[in-house]
$ cat target16.cif   # mmCIF, C-alpha atoms, pLDDT in the B column; chains and numbers go by the auth columns
data_entry
loop_
_atom_site.group_PDB
_atom_site.id
_atom_site.type_symbol
_atom_site.label_atom_id
_atom_site.label_comp_id
_atom_site.label_asym_id
_atom_site.label_seq_id
_atom_site.Cartn_x
_atom_site.Cartn_y
_atom_site.Cartn_z
_atom_site.B_iso_or_equiv
_atom_site.auth_seq_id
_atom_site.auth_asym_id
ATOM 1 C CA MET A 1 97.217 136.957 54.552 72.00 1 A
ATOM 2 C CA SER A 2 96.156 133.427 53.709 81.00 2 A
ATOM 3 C CA ASN A 3 96.598 131.963 50.241 96.00 3 A
ATOM 4 C CA ILE A 4 93.366 130.269 49.172 97.00 4 A
ATOM 5 C CA SER A 5 92.970 128.818 45.696 97.00 5 A
ATOM 6 C CA ASP A 6 89.957 129.964 43.698 97.00 6 A
ATOM 7 C CA GLN A 7 89.350 126.255 43.012 98.00 7 A
ATOM 8 C CA ALA A 8 89.048 125.352 46.694 98.00 8 A
ATOM 9 C CA TYR A 9 85.808 125.561 48.671 98.00 9 A
ATOM 10 C CA VAL A 10 86.072 127.392 51.987 98.00 10 A
ATOM 11 C CA HIS A 11 82.868 128.055 53.907 98.00 11 A
ATOM 12 C CA PRO A 12 82.522 131.763 54.747 97.00 12 A
ATOM 13 C CA GLU A 13 82.136 130.936 58.454 97.00 13 A
ATOM 14 C CA ALA A 14 85.395 128.946 58.621 98.00 14 A
ATOM 15 C CA LYS A 15 88.066 130.651 60.743 98.00 15 A
ATOM 16 C CA LEU A 16 91.530 130.741 59.191 98.00 16 A
ATOM 17 C CA GLY A 17 94.724 131.972 60.806 97.00 17 A
ATOM 18 C CA GLU A 18 97.529 133.883 59.132 97.00 18 A
ATOM 19 C CA ASN A 19 99.478 132.416 56.212 97.00 19 A
ATOM 20 C CA VAL A 20 97.186 129.427 55.739 98.00 20 A
ATOM 21 C CA ILE A 21 97.564 127.820 52.311 98.00 21 A
ATOM 22 C CA ILE A 22 94.591 126.000 50.804 98.00 22 A
ATOM 23 C CA GLU A 23 95.302 124.286 47.504 98.00 23 A
ATOM 24 C CA PRO A 24 92.864 123.624 44.625 98.00 24 A
ATOM 25 C CA PHE A 25 90.012 121.177 45.223 98.00 25 A
ATOM 26 C CA ALA A 26 90.368 121.197 49.005 98.00 26 A
ATOM 27 C CA PHE A 27 87.134 121.455 51.020 98.00 27 A
ATOM 28 C CA VAL A 28 86.805 123.438 54.264 98.00 28 A
ATOM 29 C CA ASP A 29 83.396 123.246 55.970 98.00 29 A
ATOM 30 C CA LYS A 30 81.676 125.606 58.383 98.00 30 A
ATOM 31 C CA ASN A 31 82.486 125.339 62.090 98.00 31 A
ATOM 32 C CA VAL A 32 86.135 124.755 61.174 98.00 32 A
ATOM 33 C CA GLU A 33 89.200 126.517 62.592 98.00 33 A
ATOM 34 C CA ILE A 34 92.670 126.315 61.015 98.00 34 A
ATOM 35 C CA GLY A 35 95.755 127.766 62.697 98.00 35 A
ATOM 36 C CA ASP A 36 98.521 129.978 61.359 98.00 36 A
ATOM 37 C CA GLY A 37 100.864 128.587 58.723 98.00 37 A
ATOM 38 C CA THR A 38 98.946 125.364 58.052 98.00 38 A
ATOM 39 C CA LEU A 39 98.923 123.832 54.577 98.00 39 A
ATOM 40 C CA ILE A 40 95.738 122.157 53.338 98.00 40 A
ATOM 41 C CA MET A 41 96.720 120.244 50.219 98.00 41 A
ATOM 42 C CA SER A 42 94.669 119.517 47.121 98.00 42 A
ATOM 43 C CA GLY A 43 91.813 117.102 47.800 98.00 43 A
ATOM 44 C CA ALA A 44 91.973 117.332 51.589 98.00 44 A
ATOM 45 C CA ASN A 45 88.592 117.465 53.310 98.00 45 A
ATOM 46 C CA ILE A 46 88.232 119.456 56.543 98.00 46 A
ATOM 47 C CA ARG A 47 84.732 118.743 57.822 98.00 47 A
ATOM 48 C CA TYR A 48 82.357 120.306 60.322 98.00 48 A
ATOM 49 C CA GLY A 49 83.815 120.399 63.826 98.00 49 A
ATOM 50 C CA ALA A 50 87.481 120.197 62.801 98.00 50 A
ATOM 51 C CA ARG A 51 90.072 122.221 64.706 98.00 51 A
ATOM 52 C CA VAL A 52 93.491 122.148 63.053 98.00 52 A
ATOM 53 C CA GLY A 53 96.447 123.774 64.805 98.00 53 A
ATOM 54 C CA LYS A 54 99.372 125.849 63.603 98.00 54 A
ATOM 55 C CA ASN A 55 101.962 124.760 61.036 98.00 55 A
ATOM 56 C CA CYS A 56 100.244 121.482 60.181 98.00 56 A
ATOM 57 C CA ARG A 57 100.439 119.712 56.823 98.00 57 A
ATOM 58 C CA ILE A 58 97.229 118.031 55.691 98.00 58 A
ATOM 59 C CA SER A 59 97.848 115.818 52.656 98.00 59 A
ATOM 60 C CA PRO A 60 95.610 114.926 49.702 98.00 60 A
ATOM 61 C CA GLY A 61 92.678 112.665 50.516 98.00 61 A
ATOM 62 C CA ALA A 62 92.842 113.234 54.268 98.00 62 A
ATOM 63 C CA VAL A 63 89.491 113.709 56.040 98.00 63 A
ATOM 64 C CA ILE A 64 89.449 115.497 59.391 99.00 64 A
ATOM 65 C CA GLY A 65 86.144 115.716 61.226 98.00 65 A
ATOM 66 C CA GLY A 66 84.280 112.933 59.454 98.00 66 A
ATOM 67 C CA VAL A 67 81.068 111.663 61.063 98.00 67 A
ATOM 68 C CA PRO A 68 81.842 108.922 63.627 98.00 68 A
ATOM 69 C CA GLN A 69 81.426 105.325 62.515 97.00 69 A
ATOM 70 C CA ASP A 70 79.334 104.646 65.595 97.00 70 A
ATOM 71 C CA LEU A 71 75.653 103.651 65.398 95.00 71 A
ATOM 72 C CA LYS A 72 75.022 105.446 68.692 94.00 72 A
ATOM 73 C CA PHE A 73 75.985 108.782 67.112 97.00 73 A
ATOM 74 C CA LYS A 74 72.880 110.940 66.705 95.00 74 A
ATOM 75 C CA GLY A 75 74.381 114.002 65.040 95.00 75 A
ATOM 76 C CA GLU A 76 75.398 115.804 68.223 96.00 76 A
ATOM 77 C CA ASP A 77 77.912 118.646 67.980 96.00 77 A
ATOM 78 C CA SER A 78 81.429 117.368 68.551 98.00 78 A
ATOM 79 C CA LEU A 79 85.009 118.108 67.539 98.00 79 A
ATOM 80 C CA ALA A 80 88.042 116.592 65.857 98.00 80 A
ATOM 81 C CA ILE A 81 91.091 118.428 67.200 98.00 81 A
ATOM 82 C CA VAL A 82 94.583 118.318 65.672 98.00 82 A
ATOM 83 C CA GLY A 83 97.426 120.059 67.513 98.00 83 A
ATOM 84 C CA ASP A 84 100.304 122.167 66.193 98.00 84 A
ATOM 85 C CA ASN A 85 103.094 120.949 63.897 98.00 85 A
ATOM 86 C CA THR A 86 101.312 117.703 63.072 98.00 86 A
ATOM 87 C CA SER A 87 101.547 115.985 59.693 98.00 87 A
ATOM 88 C CA VAL A 88 98.457 114.175 58.428 98.00 88 A
ATOM 89 C CA ARG A 89 99.406 112.141 55.383 98.00 89 A
ATOM 90 C CA GLU A 90 97.439 110.864 52.419 98.00 90 A
ATOM 91 C CA CYS A 91 93.974 109.386 53.042 98.00 91 A
ATOM 92 C CA VAL A 92 94.181 109.578 56.834 98.00 92 A
ATOM 93 C CA THR A 93 90.769 109.751 58.531 98.00 93 A
ATOM 94 C CA ILE A 94 90.175 111.444 61.882 99.00 94 A
ATOM 95 C CA ASN A 95 86.532 111.140 62.977 98.00 95 A
ATOM 96 C CA ARG A 96 85.049 113.639 65.382 98.00 96 A
ATOM 97 C CA GLY A 97 83.804 112.672 68.821 98.00 97 A
ATOM 98 C CA THR A 98 80.463 111.407 70.067 98.00 98 A
ATOM 99 C CA ALA A 99 78.404 112.143 73.180 97.00 99 A
ATOM 100 C CA SER A 100 80.861 109.904 75.074 97.00 100 A
ATOM 101 C CA LYS A 101 83.686 112.473 75.172 97.00 101 A
ATOM 102 C CA GLY A 102 82.619 115.081 72.645 98.00 102 A
ATOM 103 C CA HIS A 103 85.969 115.227 70.908 98.00 103 A
ATOM 104 C CA THR A 104 88.711 113.264 69.208 98.00 104 A
ATOM 105 C CA ILE A 105 92.180 114.646 69.902 98.00 105 A
ATOM 106 C CA VAL A 106 95.489 114.316 68.080 99.00 106 A
ATOM 107 C CA GLY A 107 98.285 116.191 69.835 98.00 107 A
ATOM 108 C CA ASN A 108 101.217 118.351 68.794 98.00 108 A
ATOM 109 C CA ASN A 109 104.156 117.191 66.663 98.00 109 A
ATOM 110 C CA CYS A 110 102.501 113.948 65.585 98.00 110 A
ATOM 111 C CA LEU A 111 102.928 112.059 62.319 98.00 111 A
ATOM 112 C CA LEU A 112 99.906 110.145 61.040 99.00 112 A
ATOM 113 C CA MET A 113 101.078 108.115 58.053 98.00 113 A
ATOM 114 C CA ALA A 114 99.006 107.290 54.985 98.00 114 A
ATOM 115 C CA TYR A 115 95.708 105.419 55.344 98.00 115 A
ATOM 116 C CA SER A 116 95.747 105.423 59.137 98.00 116 A
ATOM 117 C CA HIS A 117 92.441 105.877 60.972 98.00 117 A
ATOM 118 C CA ILE A 118 91.727 107.662 64.252 99.00 118 A
ATOM 119 C CA ALA A 119 88.199 106.796 65.360 98.00 119 A
ATOM 120 C CA HIS A 120 85.732 108.751 67.482 98.00 120 A
ATOM 121 C CA ASP A 121 86.763 109.916 70.941 98.00 121 A
ATOM 122 C CA CYS A 122 90.372 108.742 70.650 98.00 122 A
ATOM 123 C CA VAL A 123 93.087 110.699 72.457 98.00 123 A
ATOM 124 C CA VAL A 124 96.498 110.658 70.780 98.00 124 A
ATOM 125 C CA LYS A 125 99.025 112.729 72.700 98.00 125 A
ATOM 126 C CA ASP A 126 102.129 114.644 71.561 98.00 126 A
ATOM 127 C CA PHE A 127 105.005 113.250 69.463 98.00 127 A
ATOM 128 C CA VAL A 128 103.134 110.083 68.492 98.00 128 A
ATOM 129 C CA ILE A 129 103.864 108.303 65.206 98.00 129 A
ATOM 130 C CA VAL A 130 101.042 106.250 63.707 98.00 130 A
ATOM 131 C CA GLY A 131 102.275 104.007 60.882 98.00 131 A
ATOM 132 C CA ASN A 132 100.745 103.376 57.484 98.00 132 A
ATOM 133 C CA ALA A 133 97.293 101.714 57.568 98.00 133 A
ATOM 134 C CA THR A 134 97.226 101.535 61.374 98.00 134 A
ATOM 135 C CA GLN A 135 93.651 101.546 62.652 98.00 135 A
ATOM 136 C CA LEU A 136 92.544 102.912 66.042 98.00 136 A
ATOM 137 C CA ALA A 137 89.018 101.957 67.109 98.00 137 A
ATOM 138 C CA GLY A 138 86.850 104.214 69.256 98.00 138 A
ATOM 139 C CA GLU A 139 88.091 105.699 72.541 98.00 139 A
ATOM 140 C CA VAL A 140 91.644 104.408 72.248 98.00 140 A
ATOM 141 C CA GLU A 141 94.255 106.391 74.209 98.00 141 A
ATOM 142 C CA VAL A 142 97.853 106.696 73.001 98.00 142 A
ATOM 143 C CA ASP A 143 100.319 108.451 75.300 98.00 143 A
ATOM 144 C CA HIS A 144 103.178 110.707 74.216 98.00 144 A
ATOM 145 C CA HIS A 145 106.161 109.477 72.154 98.00 145 A
ATOM 146 C CA ALA A 146 104.505 106.159 71.317 98.00 146 A
ATOM 147 C CA ILE A 147 105.198 104.607 67.914 98.00 147 A
ATOM 148 C CA LEU A 148 102.616 102.329 66.316 98.00 148 A
ATOM 149 C CA SER A 149 104.227 100.641 63.319 98.00 149 A
ATOM 150 C CA GLY A 150 102.364 100.007 60.089 98.00 150 A
ATOM 151 C CA GLY A 151 99.262 97.839 60.028 98.00 151 A
ATOM 152 C CA THR A 152 98.638 97.889 63.778 98.00 152 A
ATOM 153 C CA LEU A 153 95.021 97.147 64.743 98.00 153 A
ATOM 154 C CA VAL A 154 93.872 98.561 68.079 98.00 154 A
ATOM 155 C CA HIS A 155 90.680 97.377 69.825 98.00 155 A
ATOM 156 C CA GLN A 156 88.308 99.976 71.243 97.00 156 A
ATOM 157 C CA PHE A 157 89.105 101.407 74.700 98.00 157 A
ATOM 158 C CA THR A 158 92.694 100.097 74.599 98.00 158 A
ATOM 159 C CA ARG A 159 95.368 102.251 76.278 98.00 159 A
ATOM 160 C CA ILE A 160 98.912 102.514 74.919 98.00 160 A
ATOM 161 C CA GLY A 161 101.527 103.955 77.255 98.00 161 A
ATOM 162 C CA ALA A 162 104.201 106.574 76.691 98.00 162 A
ATOM 163 C CA HIS A 163 107.426 105.689 74.844 98.00 163 A
ATOM 164 C CA VAL A 164 105.967 102.405 73.587 98.00 164 A
ATOM 165 C CA MET A 165 106.984 100.737 70.322 98.00 165 A
ATOM 166 C CA ILE A 166 104.398 98.473 68.662 98.00 166 A
ATOM 167 C CA GLN A 167 105.618 95.978 66.068 97.00 167 A
ATOM 168 C CA GLY A 168 104.041 96.278 62.621 97.00 168 A
ATOM 169 C CA GLY A 169 100.959 94.172 61.976 97.00 169 A
ATOM 170 C CA THR A 170 100.203 93.693 65.668 97.00 170 A
ATOM 171 C CA ARG A 171 96.638 93.253 66.930 97.00 171 A
ATOM 172 C CA LEU A 172 96.089 94.924 70.289 96.00 172 A
ATOM 173 C CA GLY A 173 93.293 94.005 72.675 94.00 173 A
ATOM 174 C CA LYS A 174 95.059 94.586 75.994 96.00 174 A
ATOM 175 C CA ASP A 175 96.663 97.719 77.411 98.00 175 A
ATOM 176 C CA ILE A 176 100.346 98.311 76.664 98.00 176 A
ATOM 177 C CA PRO A 177 102.215 99.753 79.671 98.00 177 A
ATOM 178 C CA PRO A 178 104.783 102.526 79.173 98.00 178 A
ATOM 179 C CA TYR A 179 108.375 102.154 77.948 98.00 179 A
ATOM 180 C CA ILE A 180 108.026 98.705 76.379 98.00 180 A
ATOM 181 C CA ILE A 181 108.044 96.988 72.998 98.00 181 A
ATOM 182 C CA ALA A 182 104.973 94.898 72.185 97.00 182 A
ATOM 183 C CA GLY A 183 104.732 92.495 69.286 95.00 183 A
ATOM 184 C CA ARG A 184 104.571 88.843 68.207 89.00 184 A
ATOM 185 C CA GLU A 185 101.375 86.865 67.606 88.00 185 A
ATOM 186 C CA PRO A 186 99.440 86.884 69.850 90.00 186 A
ATOM 187 C CA VAL A 187 100.732 90.194 71.139 93.00 187 A
ATOM 188 C CA CYS A 188 102.973 90.106 74.205 95.00 188 A
ATOM 189 C CA TYR A 189 105.658 92.015 76.076 97.00 189 A
ATOM 190 C CA SER A 190 108.859 91.897 74.024 96.00 190 A
ATOM 191 C CA GLY A 191 111.275 93.915 76.138 96.00 191 A
ATOM 192 C CA VAL A 192 111.935 97.518 77.101 98.00 192 A
ATOM 193 C CA ASN A 193 112.092 100.100 74.282 98.00 193 A
ATOM 194 C CA LEU A 194 115.794 100.799 74.748 97.00 194 A
ATOM 195 C CA VAL A 195 116.334 102.652 71.478 97.00 195 A
ATOM 196 C CA GLY A 196 113.314 104.887 71.971 97.00 196 A
ATOM 197 C CA LEU A 197 114.255 105.723 75.551 98.00 197 A
ATOM 198 C CA ARG A 198 117.850 106.592 74.620 98.00 198 A
ATOM 199 C CA ARG A 199 116.653 108.782 71.746 97.00 199 A
ATOM 200 C CA ASN A 200 114.489 110.685 74.201 97.00 200 A
ATOM 201 C CA GLY A 201 117.242 111.355 76.715 97.00 201 A
ATOM 202 C CA PHE A 202 116.751 108.618 79.315 98.00 202 A
ATOM 203 C CA SER A 203 119.982 107.839 81.178 97.00 203 A
ATOM 204 C CA ASN A 204 121.410 104.316 81.411 97.00 204 A
ATOM 205 C CA GLU A 205 120.618 104.359 85.129 97.00 205 A
ATOM 206 C CA LYS A 206 116.980 105.222 84.461 98.00 206 A
ATOM 207 C CA ILE A 207 116.709 102.591 81.724 98.00 207 A
ATOM 208 C CA ASN A 208 118.148 99.966 84.089 98.00 208 A
ATOM 209 C CA GLU A 209 115.548 100.920 86.687 98.00 209 A
ATOM 210 C CA ILE A 210 112.741 100.476 84.136 98.00 210 A
ATOM 211 C CA GLN A 211 114.179 97.113 83.068 98.00 211 A
ATOM 212 C CA GLU A 212 114.261 95.882 86.669 98.00 212 A
ATOM 213 C CA ILE A 213 110.638 96.879 87.180 98.00 213 A
ATOM 214 C CA TYR A 214 109.569 94.954 84.081 98.00 214 A
ATOM 215 C CA ARG A 215 111.655 91.924 85.060 97.00 215 A
ATOM 216 C CA THR A 216 109.591 91.840 88.249 97.00 216 A
ATOM 217 C CA ILE A 217 106.315 92.181 86.332 97.00 217 A
ATOM 218 C CA TYR A 218 107.041 89.759 83.512 96.00 218 A
ATOM 219 C CA GLN A 219 109.947 87.472 84.375 92.00 219 A
ATOM 220 C CA ALA A 220 109.985 86.829 88.112 91.00 220 A
ATOM 221 C CA GLY A 221 107.061 84.406 88.248 89.00 221 A
ATOM 222 C CA TYR A 222 104.559 86.692 89.959 93.00 222 A
ATOM 223 C CA ASN A 223 101.033 87.444 88.843 94.00 223 A
ATOM 224 C CA PHE A 224 100.537 91.102 88.000 95.00 224 A
ATOM 225 C CA SER A 225 98.987 92.051 91.356 95.00 225 A
ATOM 226 C CA ASP A 226 101.775 90.436 93.369 96.00 226 A
ATOM 227 C CA ALA A 227 104.406 91.983 91.105 96.00 227 A
ATOM 228 C CA ILE A 228 102.974 95.458 91.644 97.00 228 A
ATOM 229 C CA ASN A 229 102.841 94.917 95.415 97.00 229 A
ATOM 230 C CA LYS A 230 106.494 93.852 95.413 97.00 230 A
ATOM 231 C CA ILE A 231 107.520 96.868 93.320 97.00 231 A
ATOM 232 C CA GLU A 232 105.706 99.288 95.617 97.00 232 A
ATOM 233 C CA LYS A 233 107.337 97.767 98.703 97.00 233 A
ATOM 234 C CA GLU A 234 110.882 97.204 97.451 96.00 234 A
ATOM 235 C CA PHE A 235 111.641 99.738 94.710 97.00 235 A
ATOM 236 C CA GLU A 236 112.558 103.379 95.150 95.00 236 A
ATOM 237 C CA GLU A 237 109.552 105.530 94.336 96.00 237 A
ATOM 238 C CA THR A 238 110.616 107.460 91.258 97.00 238 A
ATOM 239 C CA ASP A 239 108.432 109.136 88.658 97.00 239 A
ATOM 240 C CA GLU A 240 108.973 106.252 86.261 98.00 240 A
ATOM 241 C CA MET A 241 108.200 103.596 88.860 98.00 241 A
ATOM 242 C CA ARG A 242 104.986 105.351 89.891 98.00 242 A
ATOM 243 C CA PHE A 243 104.016 105.904 86.240 98.00 243 A
ATOM 244 C CA ILE A 244 104.286 102.166 85.486 98.00 244 A
ATOM 245 C CA VAL A 245 102.560 101.083 88.688 98.00 245 A
ATOM 246 C CA GLU A 246 99.628 103.458 88.248 98.00 246 A
ATOM 247 C CA PHE A 247 99.200 102.404 84.622 98.00 247 A
ATOM 248 C CA VAL A 248 98.991 98.719 85.572 97.00 248 A
ATOM 249 C CA LYS A 249 96.737 99.301 88.585 96.00 249 A
ATOM 250 C CA ASN A 250 94.327 101.457 86.552 96.00 250 A
ATOM 251 C CA SER A 251 94.051 99.176 83.523 96.00 251 A
ATOM 252 C CA PRO A 252 90.428 98.040 83.171 90.00 252 A
ATOM 253 C CA ARG A 253 91.274 95.825 80.194 92.00 253 A
ATOM 254 C CA GLY A 254 94.393 94.369 81.809 95.00 254 A
ATOM 255 C CA ILE A 255 97.905 94.681 80.447 97.00 255 A
ATOM 256 C CA VAL A 256 99.499 92.623 77.704 96.00 256 A
ATOM 257 C CA ARG A 257 100.898 89.234 78.771 94.00 257 A
ATOM 258 C CA GLY A 258 104.540 88.220 78.909 91.00 258 A
ATOM 259 C CA TYR A 259 106.316 86.190 76.239 78.00 259 A
ATOM 260 C CA MET A 260 105.883 82.496 76.984 58.00 260 A
ATOM 261 C CA GLY A 261 108.345 81.122 74.416 48.00 261 A
#
$ encode --input "target16.cif" --output "structure tokens"
Amino acid sequence: MSNISDQAYVHPEAKLGENVIIEPFAFVDKNVEIGDGTLIMSGANIRYGARVGKNCRISPGAVIGGVPQDLKFKGEDSLAIVGDNTSVRECVTINRGTASKGHTIVGNNCLLMAYSHIAHDCVVKDFVIVGNATQLAGEVEVDHHAILSGGTLVHQFTRIGAHVMIQGGTRLGKDIPPYIIAGREPVCYSGVNLVGLRRNGFSNEKINEIQEIYRTIYQAGYNFSDAINKIEKEFEETDEMRFIVEFVKNSPRGIVRGYMG
């Protein structure tokens, strides 16, 4: 049985799993689904089109499924999807999708810290941490295990690779390839994310391989196209090598520049 406060509003058409807790003054709209064991705290606002997974914690002031801040939005049906075991802290906003993709997605086991914003049609994959007051514009993609430190500003359509660490206060307008640290002003490549990779079980041999690939891309004097050609010809084709190469080759915005000193 779910535990719903008499002082909360839950639309009769909302679908709630087992052992859902909804605290006083929370709002749950129609066309909402909430998974087993999720806690909706006082003052949280779960709007039309929200899909919240199992064992999530939605903090006071959070709004999931808000109308997109996009002038092209014409009221079409769309979703804001939050995966299992995700924590949405105070005053986080997750807008639902538009006709472009139809959904905004936040994956499993994510932490969205206070006052962060996930705009329409974003895709945030599993185990991502989004720092306080970080702002993602529309259709941003963030791959798994990325960490965006507090106050990061991300331009629309930007792609952020897996296992990336973004320095706090960074403004992103170019794609950030996987496994690296990006920071400084203006933003640039700042090395491989050694700590993050070790925490996630990458061997020293694998980390060395990733470092050599990025030395070729950023420190060997090649332009990006020539660097990728050299890597494809001279490096062993591993999953990590192919992952980096495909990210760079399929980056419509272009990847972040190297540090020039």
$ closest_residue --input "target16.cif" --among "A:Arg47, A:Arg89, A:Arg253, A:Arg199" --to "Phe157 of chain A" --atoms "only C-alpha atoms"
A:Arg253
$ closest_residue --input "target16.cif" --among "A:Ile244, A:Ala14, A:Ile40, A:Leu71" --to "Ala26 of chain A" --atoms "only C-alpha atoms"
A:Ile40
$ residues_around --input "target16.cif" --residues "Ser42 of chain A" --least-positions-apart "2" --cutoff "12 Å" --atoms "only C-alpha atoms" --output "MDAnalysis selection string"
chainID A and resid 4:9 21:28 39:40 44:46 57:63 90:91
$ closest_residue --input "target16.cif" --among "A:Gly53, A:Gly168, A:Gly161, A:Gly173" --to "Thr134 of chain A" --atoms "only C-alpha atoms"
A:Gly168
$ atom_distance --input "target16.cif" --atom1 "atom CA of Ile255 of chain A" --atom2 "atom CA of Ile118 of chain A"
21.7 Å
$ residues_around --input "target16.cif" --residues "Lys101 of chain A" --least-positions-apart "4" --cutoff "12 Å" --atoms "all atoms listed in the file" --output "list in words"
Phe73, Glu76, Asp77, Ser78, Leu79, Ala80, Arg96, Gly97, Ile105, His120, Asp121, Cys122, Val123, Gly138, Glu139 and Val140 of chain A
$ residues_near_point --input "target16.cif" --point "(109.2, 93.4, 81.7)" --cutoff "12 Å" --atoms "all atoms listed in the file" --output "VMD selection string"
chain A and resid 176 to 182 188 to 193 207 to 222 224 227 to 228 244 255 to 259
